[in-house]
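> Next comes my_file_3.cif, mmCIF, C-alpha atoms:
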```cif
data_upload
loop_
_atom_site.label_atom_id
_atom_site.label_comp_id
_atom_site.auth_asym_id
_atom_site.auth_seq_id
_atom_site.Cartn_x
_atom_site.Cartn_y
_atom_site.Cartn_z
CA MET A 1 0.00 0.00 0.00
CA SER A 2 1.23 3.46 -0.91
CA HIS A 3 -0.15 6.59 0.73
CA SER A 4 1.45 9.14 -1.62
CA GLU A 5 3.11 9.61 -4.98
CA ALA A 6 6.46 9.75 -3.16
CA GLU A 7 5.83 6.34 -1.56
CA THR A 8 4.87 4.89 -4.94
CA ALA A 9 8.11 6.21 -6.45
CA GLU A 10 10.12 4.89 -3.49
CA ALA A 11 8.73 1.35 -3.97
CA ALA A 12 9.89 1.50 -7.59
CA ARG A 13 13.29 2.96 -6.66
CA GLU A 14 13.90 0.04 -4.29
CA LEU A 15 12.93 -2.42 -7.02
CA ALA A 16 15.16 -0.80 -9.66
CA ALA A 17 18.15 -0.60 -7.33
CA ARG A 18 18.39 -4.41 -7.61
CA PHE A 19 18.28 -4.46 -11.42
CA GLY A 20 21.39 -5.43 -13.36
CA GLY A 21 20.13 -4.91 -16.91
CA GLY A 22 17.74 -6.71 -19.21
CA GLU A 23 14.67 -6.39 -16.97
CA VAL A 24 11.19 -5.61 -18.27
CA VAL A 25 8.53 -4.02 -16.06
CA LEU A 26 4.94 -4.25 -17.30
CA LEU A 27 2.66 -1.71 -15.60
CA THR A 28 -1.11 -1.88 -15.57
CA GLY A 29 -3.72 0.22 -13.83
CA GLU A 30 -6.42 2.71 -14.54
CA LEU A 31 -5.79 6.33 -15.48
CA GLY A 32 -4.25 8.24 -12.58
CA SER A 33 -3.30 5.15 -10.59
CA GLY A 34 0.39 6.06 -10.35
CA LYS A 35 2.07 4.29 -13.27
CA THR A 36 4.15 7.32 -14.26
CA ALA A 37 5.09 7.99 -10.61
CA PHE A 38 6.28 4.38 -10.46
CA VAL A 39 8.39 4.91 -13.60
CA ARG A 40 9.91 8.04 -12.02
CA GLY A 41 10.98 5.84 -9.11
CA LEU A 42 12.47 3.31 -11.50
CA ALA A 43 14.45 6.16 -13.09
CA ARG A 44 15.82 7.25 -9.71
CA GLY A 45 16.80 3.66 -8.86
CA LEU A 46 18.61 3.35 -12.19
CA GLY A 47 20.50 6.64 -11.78
CA ALA A 48 18.45 8.53 -14.36
CA ASP A 49 16.83 11.91 -13.71
CA PRO A 50 13.29 11.24 -12.49
CA ASP A 51 12.29 14.83 -13.30
CA GLU A 52 12.75 14.02 -16.99
CA VAL A 53 10.12 11.27 -16.85
CA ALA A 54 6.72 12.42 -18.04
CA SER A 55 3.55 10.77 -19.16
CA PRO A 56 4.03 11.40 -22.87
CA THR A 57 1.17 12.77 -24.90
CA PHE A 58 2.42 11.89 -28.35
CA VAL A 59 5.80 10.23 -27.76
CA LEU A 60 5.31 6.53 -27.17
CA LEU A 61 8.90 5.59 -26.34
CA THR A 62 11.59 7.58 -24.51
CA ALA A 63 15.03 6.63 -23.17
CA TYR A 64 16.64 8.04 -20.03
CA PRO A 65 20.38 7.39 -19.48
CA GLY A 66 21.64 6.36 -16.07
CA ARG A 67 23.51 3.44 -14.51
CA LEU A 68 21.27 1.48 -16.86
CA THR A 69 19.23 3.11 -19.63
CA LEU A 70 15.54 3.27 -18.80
CA HIS A 71 13.39 2.74 -21.88
CA HIS A 72 9.91 4.07 -21.07
CA ALA A 73 7.00 3.08 -23.30
CA ASP A 74 3.56 4.59 -22.74
CA LEU A 75 1.00 2.68 -24.79
CA TYR A 76 -2.05 4.73 -23.78
CA ARG A 77 -2.54 6.10 -27.29
CA LEU A 78 -2.19 2.77 -29.09
CA ARG A 79 -5.15 1.70 -31.18
CA GLY A 80 -4.82 -1.90 -30.03
CA ASP A 81 -4.35 -3.43 -33.48
CA GLY A 82 -0.75 -4.53 -33.02
CA ASP A 83 0.79 -1.14 -33.78
CA GLU A 84 3.16 -1.56 -30.79
CA ARG A 85 5.30 -3.70 -33.10
CA GLU A 86 6.26 -0.54 -34.97
CA LEU A 87 7.97 0.71 -31.80
CA GLY A 88 10.44 -2.18 -31.79
CA LEU A 89 9.77 -2.99 -28.15
CA GLU A 90 10.70 -6.64 -28.65
CA GLU A 91 14.29 -5.49 -29.28
CA LEU A 92 14.45 -3.82 -25.87
CA PRO A 93 15.72 -3.49 -23.22
CA GLY A 94 19.10 -4.99 -24.10
CA PRO A 95 21.72 -6.03 -21.53
CA LYS A 96 22.41 -2.46 -20.37
CA GLY A 97 18.84 -1.29 -20.17
CA VAL A 98 15.51 -1.70 -18.44
CA LEU A 99 12.16 -1.43 -20.22
CA ALA A 100 9.11 -0.05 -18.41
CA VAL A 101 5.82 -0.37 -20.31
CA GLU A 102 2.83 1.65 -19.10
CA TRP A 103 -0.59 0.36 -20.20
CA ALA A 104 0.96 -3.06 -20.83
CA GLU A 105 -2.53 -4.54 -21.15
CA ARG A 106 -2.64 -2.91 -24.61
CA LEU A 107 0.10 -5.19 -25.94
CA GLN A 108 -1.27 -7.68 -28.46
CA ARG A 109 1.34 -10.15 -27.26
CA VAL A 110 4.07 -10.05 -24.62
CA PRO A 111 7.38 -10.95 -26.32
CA TRP A 112 9.45 -11.23 -23.11
CA ARG A 113 9.78 -14.60 -21.40
CA SER A 114 10.12 -13.03 -17.99
CA ALA A 115 8.90 -9.67 -16.81
CA VAL A 116 8.06 -7.99 -13.55
CA ARG A 117 4.33 -7.25 -13.54
CA VAL A 118 3.16 -4.24 -11.56
CA THR A 119 -0.52 -3.48 -11.00
CA LEU A 120 -1.55 -0.18 -9.43
CA ARG A 121 -5.06 0.44 -8.15
CA HIS A 122 -6.81 3.41 -6.57
CA ALA A 123 -7.57 2.76 -2.89
CA GLY A 124 -9.23 6.07 -1.98
CA GLY A 125 -7.66 9.53 -1.75
CA ASP A 126 -3.94 9.38 -2.45
CA ASP A 127 -3.73 5.71 -1.45
CA ARG A 128 -2.74 3.10 -4.02
CA ARG A 129 -2.49 -0.66 -3.88
CA ILE A 130 0.68 -1.79 -5.57
CA GLN A 131 1.04 -5.43 -6.53
CA ILE A 132 4.49 -6.48 -7.77
CA GLU A 133 4.78 -9.95 -9.29
CA PRO A 134 8.34 -11.15 -9.95
CA PRO A 135 9.17 -12.87 -13.23
CA ALA A 136 7.77 -16.35 -13.59
#
```
Output the file's structure in the form of structure tokens.

Amino acid sequence: MSHSEAETAEAARELAARFGGGEVVLLTGELGSGKTAFVRGLARGLGADPDEVASPTFVLLTAYPGRLTLHHADLYRLRGDGDERELGLEELPGPKGVLAVEWAERLQRVPWRSAVRVTLRHAGGDDRRIQIEPPA
């Protein structure tokens, strides 16, 4: 349970601090549930500038350099007809990167064998339920 955006980001920072490269984080949750705040925390944990992380309006994929490069995909604007393949997500994250995918439920297929799955849910006010499932 998170009681603030800062706590949501801190949970992600702690997770990312353990990453060594090649990890994929699939984020799901309704609008305003804290997915982008979680990605900001991932950025901090990877040594990237969290202030650079935004919920992109038209840009679907952004990279933030740090100890490991954070590749941030926001699929909110996808039509759902497989157009995520045009982004080349299946080529990411690479051994020196981490891929975070917001709105992962919009993927037609998940090309990664193992991924961390994060679900964020509103729990009233600023509270959020955060469920983190390690790779299978």
> Check the smallest atom-to-atom distance from each of A:Val98, A:Glu52, A:Val59, A:Pro65 to Ala17 in chain A using all atoms listed in the file, then report the winner.
A:Val98
> Name all residues at most 12 Å from Leu87 in chain A (count all atoms listed in the file; drop same-chain ones fewer than 6 positions away) and give them as a PyMOL selection string.
chain A and resi 59-62+71-75+78+101+107
> Which residues come within 12 Å of Asp51 in chain A, counting all atoms listed in the file, excluding same-chain residues fewer than 2 positions away, as a list in words?
Ala9, Thr36, Ala37, Val39, Arg40, Gly41, Leu42, Ala43, Arg44, Gly47, Ala48, Asp49, Val53, Ala54, Ser55 and Tyr64 of chain A
> Compare A:Thr8, A:Ser2, A:Thr69, A:Gln131 by their minimum atom-to-atom distance to Val116 in chain A, counting only C-alpha atoms, and give me the closest one.
A:Gln131
> May I have the residues within 8 Å of range 27-35 of chain A as a PDB file with C-alpha atoms, in the frame of the given file, using all atoms listed in the file and disregarding those fewer than 4 positions away in the same chain?

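So around07.pdb came out as:
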```pdb
ATOM      1  CA  GLU A   5       3.110   9.610  -4.980  1.00  0.00           C
ATOM      2  CA  THR A   8       4.870   4.890  -4.940  1.00  0.00           C
ATOM      3  CA  VAL A  39       8.390   4.910 -13.600  1.00  0.00           C
ATOM      4  CA  ALA A 100       9.110  -0.050 -18.410  1.00  0.00           C
ATOM      5  CA  VAL A 101       5.820  -0.370 -20.310  1.00  0.00           C
ATOM      6  CA  GLU A 102       2.830   1.650 -19.100  1.00  0.00           C
ATOM      7  CA  TRP A 103      -0.590   0.360 -20.200  1.00  0.00           C
ATOM      8  CA  ALA A 104       0.960  -3.060 -20.830  1.00  0.00           C
ATOM      9  CA  GLU A 105      -2.530  -4.540 -21.150  1.00  0.00           C
ATOM     10  CA  ARG A 117       4.330  -7.250 -13.540  1.00  0.00           C
ATOM     11  CA  VAL A 118       3.160  -4.240 -11.560  1.00  0.00           C
ATOM     12  CA  THR A 119      -0.520  -3.480 -11.000  1.00  0.00           C
ATOM     13  CA  LEU A 120      -1.550  -0.180  -9.430  1.00  0.00           C
ATOM     14  CA  ARG A 121      -5.060   0.440  -8.150  1.00  0.00           C
ATOM     15  CA  HIS A 122      -6.810   3.410  -6.570  1.00  0.00           C
ATOM     16  CA  ARG A 128      -2.740   3.100  -4.020  1.00  0.00           C
TER      17      ARG A 128
END
```
> Please write as a count of residues only the full residue list that the PyMOL selection byres ((chain A and resi 23) around 10) yields on this file.
23
> For CA of Val110 in chain A and CA of Glu133 in chain A, determine how far apart the two atoms are, in Å to one decimal place.
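Interatomic distance here is 15.3 Å.
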> Figure out the distance between CA of Arg129 in chain A and CA of Met1 in chain A, please, to one decimal in Å.
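Here the two named atoms are 4.7 Å from each other.
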> Quick check, in Å to one decimal: how far apart do CA of Ile132 in chain A and CA of Leu15 in chain A lie?
9.4 Å
> Find the residue from A:Glu86, A:Pro50, A:Leu68, A:Arg18 that sits nearest to Ala6 in chain A; use all atoms listed in the file when measuring.
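Between A:Glu86, A:Pro50, A:Leu68, A:Arg18, the residue approaching Ala6 in chain A most closely is A:Pro50.
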> Around range 34-39 of chain A, with edges along x, y and z and 6 Å added on all six sides, what centre and edge lengths do you get, in Å to one decimal, as AutoDock Vina command-line options?

```
--center_x 4.4 --center_y 6.1 --center_z -12.3 --size_x 20.0 --size_y 15.7 --size_z 15.9
```
